[in-house]
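File shown here: upload15.txt, holding compact mmCIF, C-alpha atoms.
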```
# COMPACT_ATOMS: atom_id res chain seq x y z
CA MET A 1 -209.97 52.73 -44.68
CA THR A 2 -213.14 54.66 -45.36
CA PRO A 3 -213.05 56.82 -48.51
CA GLN A 4 -212.79 59.93 -46.36
CA LEU A 5 -209.82 58.68 -44.34
CA ASN A 6 -208.27 57.54 -47.57
CA GLU A 7 -208.56 61.04 -48.98
CA ILE A 8 -206.94 62.53 -45.90
CA TRP A 9 -204.09 60.02 -46.16
CA VAL A 10 -203.56 60.84 -49.84
CA TYR A 11 -203.24 64.50 -48.90
CA LEU A 12 -200.99 63.94 -45.89
CA SER A 13 -198.68 61.43 -47.55
CA ALA A 14 -197.90 63.93 -50.31
CA SER A 15 -197.41 66.93 -48.00
CA PRO A 16 -194.12 67.82 -46.31
CA LEU A 17 -196.05 68.34 -43.06
CA LEU A 18 -196.19 64.64 -42.27
CA GLY A 19 -192.49 63.91 -42.85
CA LEU A 20 -191.48 66.86 -40.68
CA THR A 21 -193.93 66.03 -37.90
CA ILE A 22 -193.06 62.34 -37.64
CA THR A 23 -189.34 63.22 -37.57
CA LEU A 24 -189.89 65.49 -34.57
CA LEU A 25 -192.21 63.01 -32.86
CA ALA A 26 -189.89 60.05 -33.41
CA TYR A 27 -186.94 62.03 -32.11
CA GLN A 28 -188.77 63.22 -29.01
CA ALA A 29 -189.93 59.69 -28.26
CA ALA A 30 -186.33 58.49 -28.71
CA PHE A 31 -184.97 61.28 -26.54
CA TRP A 32 -187.51 60.51 -23.82
CA LEU A 33 -186.34 56.88 -23.80
CA TYR A 34 -182.71 58.05 -23.74
CA GLN A 35 -183.40 60.24 -20.69
CA ARG A 36 -185.37 57.50 -18.97
CA SER A 37 -182.36 55.19 -19.42
CA GLY A 38 -180.18 57.72 -17.55
CA MET A 39 -178.51 58.86 -20.83
CA ASN A 40 -177.22 55.36 -21.41
CA PRO A 41 -175.19 55.52 -24.66
CA LEU A 42 -176.83 52.27 -25.82
CA ALA A 43 -180.16 54.11 -26.00
CA ASN A 44 -178.73 56.54 -28.55
CA PRO A 45 -181.57 58.85 -29.68
CA VAL A 46 -180.46 58.93 -33.35
CA LEU A 47 -180.47 55.13 -33.51
CA ILE A 48 -183.90 54.80 -31.93
CA ALA A 49 -185.46 57.62 -33.95
CA VAL A 50 -184.13 56.16 -37.22
CA ALA A 51 -185.44 52.70 -36.31
CA ILE A 52 -188.90 54.12 -35.54
CA LEU A 53 -188.97 56.12 -38.79
CA VAL A 54 -187.76 53.29 -41.03
CA ALA A 55 -190.40 51.01 -39.50
CA ILE A 56 -193.16 53.58 -40.08
CA LEU A 57 -192.08 54.29 -43.66
CA LEU A 58 -191.81 50.60 -44.58
CA LEU A 59 -195.14 49.75 -42.93
CA THR A 60 -197.00 52.58 -44.67
CA GLY A 61 -195.22 52.02 -47.99
CA THR A 62 -193.95 55.61 -48.02
CA SER A 63 -190.88 56.31 -50.14
CA TYR A 64 -187.79 57.92 -48.61
CA GLN A 65 -188.06 60.72 -51.19
CA THR A 66 -191.59 61.59 -50.04
CA TYR A 67 -190.49 61.48 -46.41
CA PHE A 68 -187.43 63.62 -47.10
CA ASP A 69 -189.54 66.34 -48.75
CA GLY A 70 -190.73 67.10 -45.23
CA ALA A 71 -187.65 66.07 -43.25
CA GLN A 72 -185.37 68.30 -45.32
CA PHE A 73 -186.35 71.25 -43.13
CA VAL A 74 -184.66 69.54 -40.21
CA HIS A 75 -181.78 68.34 -42.40
CA PHE A 76 -181.19 71.92 -43.57
CA LEU A 77 -180.40 73.06 -40.02
CA LEU A 78 -177.23 70.93 -40.11
CA GLY A 79 -175.60 73.82 -42.02
CA PRO A 80 -176.13 76.62 -39.47
CA ALA A 81 -175.54 74.12 -36.64
CA THR A 82 -172.13 73.29 -38.12
CA VAL A 83 -171.30 77.00 -38.28
CA ALA A 84 -172.48 77.38 -34.67
CA LEU A 85 -169.85 74.85 -33.55
CA ALA A 86 -167.39 77.77 -33.75
CA ILE A 87 -168.88 79.13 -30.52
CA PRO A 88 -168.09 76.29 -28.06
CA LEU A 89 -164.77 75.97 -29.85
CA TYR A 90 -164.00 79.61 -29.13
CA ALA A 91 -164.95 79.10 -25.50
CA GLN A 92 -162.21 76.43 -25.28
CA LEU A 93 -159.60 78.46 -27.15
CA LYS A 94 -157.12 78.60 -24.27
CA ARG A 95 -157.21 74.87 -23.68
CA VAL A 96 -156.90 74.13 -27.42
CA LYS A 97 -153.84 76.40 -27.69
CA ALA A 98 -152.19 74.69 -24.74
CA MET A 99 -152.77 71.29 -26.35
CA LEU A 100 -151.93 72.17 -29.94
CA PHE A 101 -149.34 69.48 -30.67
CA PRO A 102 -151.15 66.60 -28.96
CA VAL A 103 -154.28 67.66 -30.85
CA LEU A 104 -152.55 67.66 -34.24
CA ALA A 105 -150.76 64.35 -33.60
CA GLY A 106 -153.98 62.69 -32.45
CA LEU A 107 -155.80 64.08 -35.47
CA LEU A 108 -153.32 62.74 -38.01
CA ALA A 109 -153.05 59.30 -36.40
CA GLY A 110 -156.80 58.98 -35.90
CA SER A 111 -157.72 60.22 -39.36
CA LEU A 112 -155.44 57.74 -41.14
CA THR A 113 -156.58 54.88 -38.87
CA ALA A 114 -160.24 55.66 -39.57
CA ALA A 115 -159.91 55.55 -43.35
CA PHE A 116 -157.36 52.81 -43.95
CA SER A 117 -158.43 50.33 -41.27
CA ALA A 118 -161.98 50.54 -42.67
CA ILE A 119 -160.78 49.75 -46.20
CA ALA A 120 -158.43 46.97 -45.05
CA ILE A 121 -161.02 45.20 -42.90
CA ALA A 122 -163.74 45.44 -45.56
CA LYS A 123 -161.32 44.07 -48.16
CA ALA A 124 -160.22 41.23 -45.90
CA PHE A 125 -163.84 40.14 -45.47
CA GLY A 126 -164.62 40.29 -49.17
CA ALA A 127 -166.49 43.57 -49.64
CA SER A 128 -166.70 44.88 -53.21
CA LEU A 129 -164.47 47.81 -54.20
CA PRO A 130 -167.32 50.40 -54.29
CA THR A 131 -168.31 49.28 -50.79
CA GLN A 132 -164.70 49.59 -49.56
CA LEU A 133 -164.45 53.08 -51.02
CA SER A 134 -167.83 54.05 -49.55
CA LEU A 135 -166.47 53.05 -46.14
CA ALA A 136 -163.25 55.06 -46.38
CA PRO A 137 -164.71 58.46 -45.34
CA LYS A 138 -167.08 56.97 -42.71
CA SER A 139 -165.61 58.95 -39.78
CA VAL A 140 -166.15 62.30 -41.48
CA THR A 141 -169.25 64.43 -41.05
CA THR A 142 -172.01 63.55 -43.57
CA PRO A 143 -171.76 66.40 -46.12
CA ILE A 144 -167.96 66.12 -46.42
CA ALA A 145 -168.05 62.31 -46.46
CA MET A 146 -170.54 62.24 -49.33
CA GLY A 147 -168.35 64.60 -51.35
CA ILE A 148 -165.26 62.46 -50.71
CA ALA A 149 -167.11 59.23 -51.61
CA GLU A 150 -168.14 60.71 -54.92
CA ARG A 151 -164.59 61.77 -55.70
CA ILE A 152 -162.94 58.42 -54.88
CA GLY A 153 -165.54 56.15 -56.53
CA GLY A 154 -167.73 55.15 -53.60
CA ILE A 155 -171.51 55.41 -53.40
CA PRO A 156 -172.40 58.73 -51.69
CA SER A 157 -175.79 57.70 -50.29
CA LEU A 158 -174.35 54.46 -48.89
CA THR A 159 -171.55 56.52 -47.34
CA ALA A 160 -174.16 58.76 -45.67
CA VAL A 161 -175.65 55.71 -43.98
CA LEU A 162 -172.26 54.30 -42.95
CA VAL A 163 -171.33 57.69 -41.52
CA ILE A 164 -174.44 57.65 -39.35
CA ILE A 165 -173.77 54.09 -38.17
CA THR A 166 -170.15 54.98 -37.38
CA GLY A 167 -171.35 58.01 -35.47
CA ILE A 168 -173.74 55.96 -33.40
CA LEU A 169 -171.11 53.26 -32.70
CA GLY A 170 -168.60 55.84 -31.51
CA ALA A 171 -171.20 57.63 -29.41
CA VAL A 172 -172.27 54.32 -27.87
CA GLY A 173 -168.83 52.74 -27.43
CA GLY A 174 -166.69 55.76 -26.55
CA ARG A 175 -167.40 55.74 -22.84
CA TYR A 176 -166.51 52.06 -22.44
CA VAL A 177 -163.31 52.36 -24.51
CA PHE A 178 -162.07 55.42 -22.59
CA ASN A 179 -162.87 53.92 -19.21
CA LEU A 180 -161.01 50.75 -20.20
CA LEU A 181 -158.00 52.83 -21.29
CA ARG A 182 -158.28 54.92 -18.10
CA ILE A 183 -158.59 58.15 -20.06
CA HIS A 184 -160.55 60.67 -18.01
CA ASP A 185 -159.50 64.01 -19.49
CA PRO A 186 -162.70 65.36 -21.09
CA ALA A 187 -160.60 67.11 -23.75
CA ILE A 188 -159.02 63.84 -24.95
CA ARG A 189 -162.29 61.92 -24.71
CA GLY A 190 -164.10 64.60 -26.69
CA PHE A 191 -161.40 64.95 -29.31
CA ALA A 192 -161.09 61.19 -29.95
CA ILE A 193 -164.85 60.80 -30.26
CA GLY A 194 -164.98 63.74 -32.68
CA VAL A 195 -162.27 62.20 -34.90
CA ALA A 196 -163.89 58.75 -34.88
CA SER A 197 -167.55 59.68 -35.05
CA HIS A 198 -168.01 63.28 -36.18
CA GLY A 199 -171.27 65.11 -35.40
CA ILE A 200 -173.14 62.28 -33.73
CA GLY A 201 -170.18 61.71 -31.43
CA THR A 202 -170.04 65.48 -30.90
CA ALA A 203 -173.73 65.58 -29.99
CA ARG A 204 -173.12 62.83 -27.43
CA ALA A 205 -170.02 64.63 -26.11
CA PHE A 206 -172.04 67.82 -25.56
CA GLN A 207 -174.51 65.85 -23.50
CA VAL A 208 -171.64 64.75 -21.26
CA SER A 209 -169.77 68.05 -20.88
CA GLU A 210 -169.28 71.40 -22.59
CA GLN A 211 -165.53 70.87 -22.77
CA SER A 212 -165.82 67.40 -24.30
CA GLY A 213 -168.27 68.79 -26.81
CA ALA A 214 -166.01 71.66 -27.81
CA PHE A 215 -163.06 69.33 -28.41
CA ALA A 216 -165.28 66.94 -30.34
CA ALA A 217 -166.46 69.82 -32.53
CA LEU A 218 -162.86 70.84 -33.15
CA ALA A 219 -161.92 67.26 -34.04
CA MET A 220 -164.88 66.90 -36.36
CA GLY A 221 -164.02 70.07 -38.27
CA LEU A 222 -160.31 69.28 -38.51
CA ASN A 223 -160.85 65.64 -39.48
CA GLY A 224 -163.35 66.64 -42.16
CA ALA A 225 -160.90 69.08 -43.69
CA LEU A 226 -157.87 66.76 -43.38
CA THR A 227 -159.64 63.70 -44.83
CA ALA A 228 -161.07 65.73 -47.72
CA LEU A 229 -157.59 66.98 -48.58
CA LEU A 230 -155.59 63.83 -47.89
CA LEU A 231 -157.71 60.78 -48.76
CA PRO A 232 -158.19 61.26 -52.53
CA PHE A 233 -154.47 61.96 -52.83
CA LEU A 234 -153.36 58.96 -50.73
CA LEU A 235 -155.75 56.58 -52.48
CA SER A 236 -154.54 57.57 -55.93
CA ALA A 237 -150.94 57.23 -54.73
CA SER A 238 -151.67 53.71 -53.44
CA GLY A 239 -153.25 52.73 -56.77
CA LYS A 240 -156.84 52.35 -55.56
CA LEU A 241 -157.95 54.93 -58.08
CA GLY A 242 -157.30 54.98 -61.79
CA MET B 1 -182.31 84.88 -31.71
CA LEU B 2 -183.23 86.13 -35.19
CA ALA B 3 -180.11 88.27 -35.59
CA ALA B 4 -177.88 85.44 -34.39
CA LEU B 5 -179.54 82.93 -36.72
CA THR B 6 -179.07 85.36 -39.60
CA GLN B 7 -175.43 85.72 -38.66
CA LEU B 8 -174.94 81.93 -38.74
CA LEU B 9 -176.65 81.72 -42.15
CA ILE B 10 -174.48 84.53 -43.52
CA PHE B 11 -171.32 82.70 -42.44
CA GLN B 12 -172.66 79.52 -44.02
CA LEU B 13 -173.44 81.45 -47.21
CA ILE B 14 -169.94 82.93 -47.37
CA GLY B 15 -168.50 79.46 -46.75
CA GLU B 16 -170.70 77.99 -49.49
CA VAL B 17 -169.65 80.70 -51.98
CA LEU B 18 -165.94 80.23 -51.16
CA ALA B 19 -166.16 76.43 -51.37
CA ARG B 20 -167.79 76.53 -54.79
CA GLY B 21 -165.92 79.55 -56.14
CA LEU B 22 -162.49 78.20 -55.21
CA LYS B 23 -163.50 74.53 -55.79
CA LEU B 24 -162.38 73.64 -52.26
CA PRO B 25 -162.87 70.01 -51.17
CA VAL B 26 -164.25 71.16 -47.80
CA PRO B 27 -168.00 71.90 -47.60
CA GLY B 28 -169.36 75.40 -47.10
CA PRO B 29 -170.65 75.06 -43.51
CA VAL B 30 -167.22 73.88 -42.30
CA ILE B 31 -165.55 76.89 -43.94
CA GLY B 32 -168.28 79.04 -42.37
CA MET B 33 -167.44 77.55 -38.97
CA LEU B 34 -163.72 78.31 -39.42
CA LEU B 35 -164.50 81.88 -40.54
CA LEU B 36 -166.82 82.51 -37.59
CA PHE B 37 -164.18 81.06 -35.27
CA ALA B 38 -161.53 83.38 -36.76
CA THR B 39 -163.91 86.33 -36.41
CA LEU B 40 -164.52 85.55 -32.73
CA VAL B 41 -160.78 85.22 -32.09
CA VAL B 42 -160.10 88.58 -33.75
CA ARG B 43 -162.98 90.30 -31.97
CA GLY B 44 -162.07 88.69 -28.66
CA SER B 45 -165.63 88.45 -27.38
CA ILE B 46 -168.96 86.87 -28.17
CA SER B 47 -172.48 88.30 -27.97
CA LYS B 48 -174.91 86.77 -25.47
CA GLU B 49 -177.48 86.36 -28.18
CA LEU B 50 -175.16 84.36 -30.44
CA GLN B 51 -174.14 82.22 -27.51
CA SER B 52 -177.69 81.32 -26.51
CA THR B 53 -178.80 80.68 -30.10
CA ALA B 54 -175.85 78.36 -30.68
CA GLN B 55 -176.63 76.57 -27.45
CA THR B 56 -180.26 76.01 -28.49
CA LEU B 57 -179.21 74.72 -31.91
CA LEU B 58 -176.48 72.42 -30.58
CA GLN B 59 -178.61 71.05 -27.77
CA HIS B 60 -180.57 69.10 -30.35
CA LEU B 61 -177.72 68.38 -32.74
CA SER B 62 -178.67 64.67 -32.70
CA LEU B 63 -182.08 65.44 -34.19
CA LEU B 64 -180.48 66.96 -37.27
CA PHE B 65 -178.91 63.62 -38.27
CA VAL B 66 -182.18 61.71 -38.20
CA PRO B 67 -183.40 62.50 -41.76
CA ALA B 68 -180.06 61.43 -43.33
CA GLY B 69 -179.92 58.35 -41.10
CA THR B 70 -183.36 57.26 -42.21
CA GLY B 71 -181.80 56.97 -45.69
CA VAL B 72 -180.56 53.56 -44.55
CA MET B 73 -183.84 52.22 -45.95
CA LEU B 74 -182.57 52.88 -49.48
CA HIS B 75 -179.65 50.54 -48.91
CA LEU B 76 -181.25 47.67 -47.05
CA HIS B 77 -180.45 45.48 -50.08
CA ARG B 78 -176.70 46.16 -50.24
CA VAL B 79 -176.45 46.14 -46.48
CA ALA B 80 -178.13 42.70 -46.46
CA ASP B 81 -175.69 41.40 -49.10
CA GLU B 82 -172.51 42.70 -47.50
CA TRP B 83 -173.53 43.01 -43.89
CA LEU B 84 -170.59 41.08 -42.42
CA PRO B 85 -167.71 43.09 -43.94
CA LEU B 86 -169.65 46.30 -43.41
CA LEU B 87 -170.35 45.56 -39.77
CA LEU B 88 -166.84 44.37 -38.95
CA SER B 89 -165.22 47.22 -40.83
CA VAL B 90 -167.30 49.95 -39.21
CA LEU B 91 -167.10 48.39 -35.75
CA ILE B 92 -163.39 47.55 -35.58
CA SER B 93 -162.29 50.66 -37.43
CA THR B 94 -164.31 52.96 -35.17
CA LEU B 95 -162.90 51.35 -32.04
CA ALA B 96 -159.38 51.49 -33.49
CA THR B 97 -159.81 55.18 -34.31
CA LEU B 98 -161.02 55.98 -30.78
CA ILE B 99 -158.11 54.08 -29.23
CA VAL B 100 -155.37 55.40 -31.54
CA THR B 101 -156.48 59.04 -31.28
CA ALA B 102 -156.87 58.97 -27.50
CA MET B 103 -153.62 57.07 -26.86
CA VAL B 104 -151.55 59.34 -29.14
CA MET B 105 -152.93 62.41 -27.35
CA LYS B 106 -152.41 60.89 -23.93
CA PHE B 107 -148.83 59.96 -24.83
CA MET B 108 -148.09 63.45 -26.19
CA LEU B 109 -149.60 65.13 -23.14
CA GLY B 110 -147.89 62.76 -20.74
CA SER B 111 -144.50 63.34 -22.31
CA LYS B 112 -144.57 67.06 -21.53
CA ALA B 113 -145.40 66.77 -17.83
CA SER B 114 -148.92 65.86 -16.77
CA ASP B 115 -150.35 69.37 -16.66
CA GLY B 116 -153.45 67.96 -18.34
CA GLU B 117 -154.44 66.48 -14.99
CA SER B 118 -155.05 69.80 -13.25
CA ALA B 119 -156.54 71.65 -16.22
```

Translate this file's structure into structure tokens.
Amino acid sequence: MTPQLNEIWVYLSASPLLGLTITLLAYQAAFWLYQRSGMNPLANPVLIAVAILVAILLLTGTSYQTYFDGAQFVHFLLGPATVALAIPLYAQLKRVKAMLFPVLAGLLAGSLTAAFSAIAIAKAFGASLPTQLSLAPKSVTTPIAMGIAERIGGIPSLTAVLVIITGILGAVGGRYVFNLLRIHDPAIRGFAIGVASHGIGTARAFQVSEQSGAFAALAMGLNGALTALLLPFLLSASGKLG
Amino acid sequence: MLAALTQLLIFQLIGEVLARGLKLPVPGPVIGMLLLFATLVVRGSISKELQSTAQTLLQHLSLLFVPAGTGVMLHLHRVADEWLPLLLSVLISTLATLIVTAMVMKFMLGSKASDGESA
């Protein structure tokens, strides 16, 4: 690099502008690919955008902290976006009321499966205890999951990553699983994907249909609340916690 | 747009204050969502502006997970050490959760006449 370019790089690499801009660029590139693939779930835009960004950061030797100084402006919008989920939910109020008991039964069964099957499988294949506990809240939306991980003795930042991976897997695999099970009701498909893979699954569900998205949002909110209330209690009862 | 965005932030703020003040295990934005939902139910209608702002925000919900997801680079080491249990656990458990949730709901709906079909 010439001294002048070097100077520009020193400025840019320390400014939040670069982190924010590359986040938007990477996402738009990923979304373009996703659309070109005919919204194939395998071309999940979160997955592709993250891969692009990790590659750029590693190649330029930029720390995640520096990157996040810029990307936090995008990250911040998760809060108001979560609040905004109330609106599609309200639009589906009638359908939710009519399905109240199936919804609650599915929620309880799915929530327990998500946490305890993750712990059991990780344990069976020799994962360390902090890793097992970091996996337990993986189906819950990121901010809740990190709080739960901290409380039960997991590693919050590892949990954040596992949450994202779980979200992508559910968003990618949901369609195939439901088609195999011959489940076509968009309400059930949306709800199950919301329980299993929170906001990323919800984002995918919204791309498929408004109704699926609304049920996914409902599932995400309910599963977050239920897991936060239930998991620390159940783990201490089963002797995982001191 | 601006008024609706402000409204969303106010609900988030109230949620945040309640979560911290009452030491609730549920994060502020989720409480904010529940409060806004309750408000809409009580009011029985929803403003066009709020609806279109929410739609804009939710249309690109995926984007909002990208910064947190990029945090995977901090854990490449642990992920490399324990990749097999991590992969199997996340994969099998996610599939199991999808199947269990969907089948329980399908069973419950099926058992009280299949009115889900027409809806």

Do a neighbour search on range 5-17 of chain B at 8 Å with all atoms listed in the file, toss out local chain neighbours closer than 2 positions, and write the hits as a PyMOL selection string. (chain A and resi 79-80+83-84) or (chain B and resi 1-3+19-21+27-33+35-36+50+53)

Computed gap from CA of Leu95 in chain B to CA of Phe178 in chain A is 10.3 Å

Just give me the gap between CA of Leu107 in chain A and CA of Ser139 in chain A in Å, one decimal is fine.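 Between CA of Leu107 in chain A and CA of Ser139 in chain A the gap is 11.9 Å.
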
Identify which of the residues A:Phe31, A:Tyr64, A:Leu135, A:Leu58 lies closest to Ile121 in chain A, counting only C-alpha atoms when measuring atom-to-atom distances. A:Leu135

Given only C-alpha atoms as the basis, pick out the residue of A:Ser157, A:Thr21, A:Ser15, A:Thr2 nearest to chain B. A:Ser157

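Nearest residue to chain A among B:Ala4, B:Leu61, B:Leu76, B:Leu87 is B:Leu61, counting all atoms listed in the file.
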
Identify the residues around (-183.8, 62.6, -47.7) within a radius of 12 Å, measuring from only C-alpha atoms in the coordinates stated by the file, and give them as a PyMOL selection string. (chain A and resi 16+19-20+23+63-76+157+160-161) or (chain B and resi 64-74)

Distance CA of Glu150 in chain A-CA of Ser62 in chain B, one decimal place?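 We find that CA of Glu150 in chain A and CA of Ser62 in chain B lie 24.9 Å from each other.
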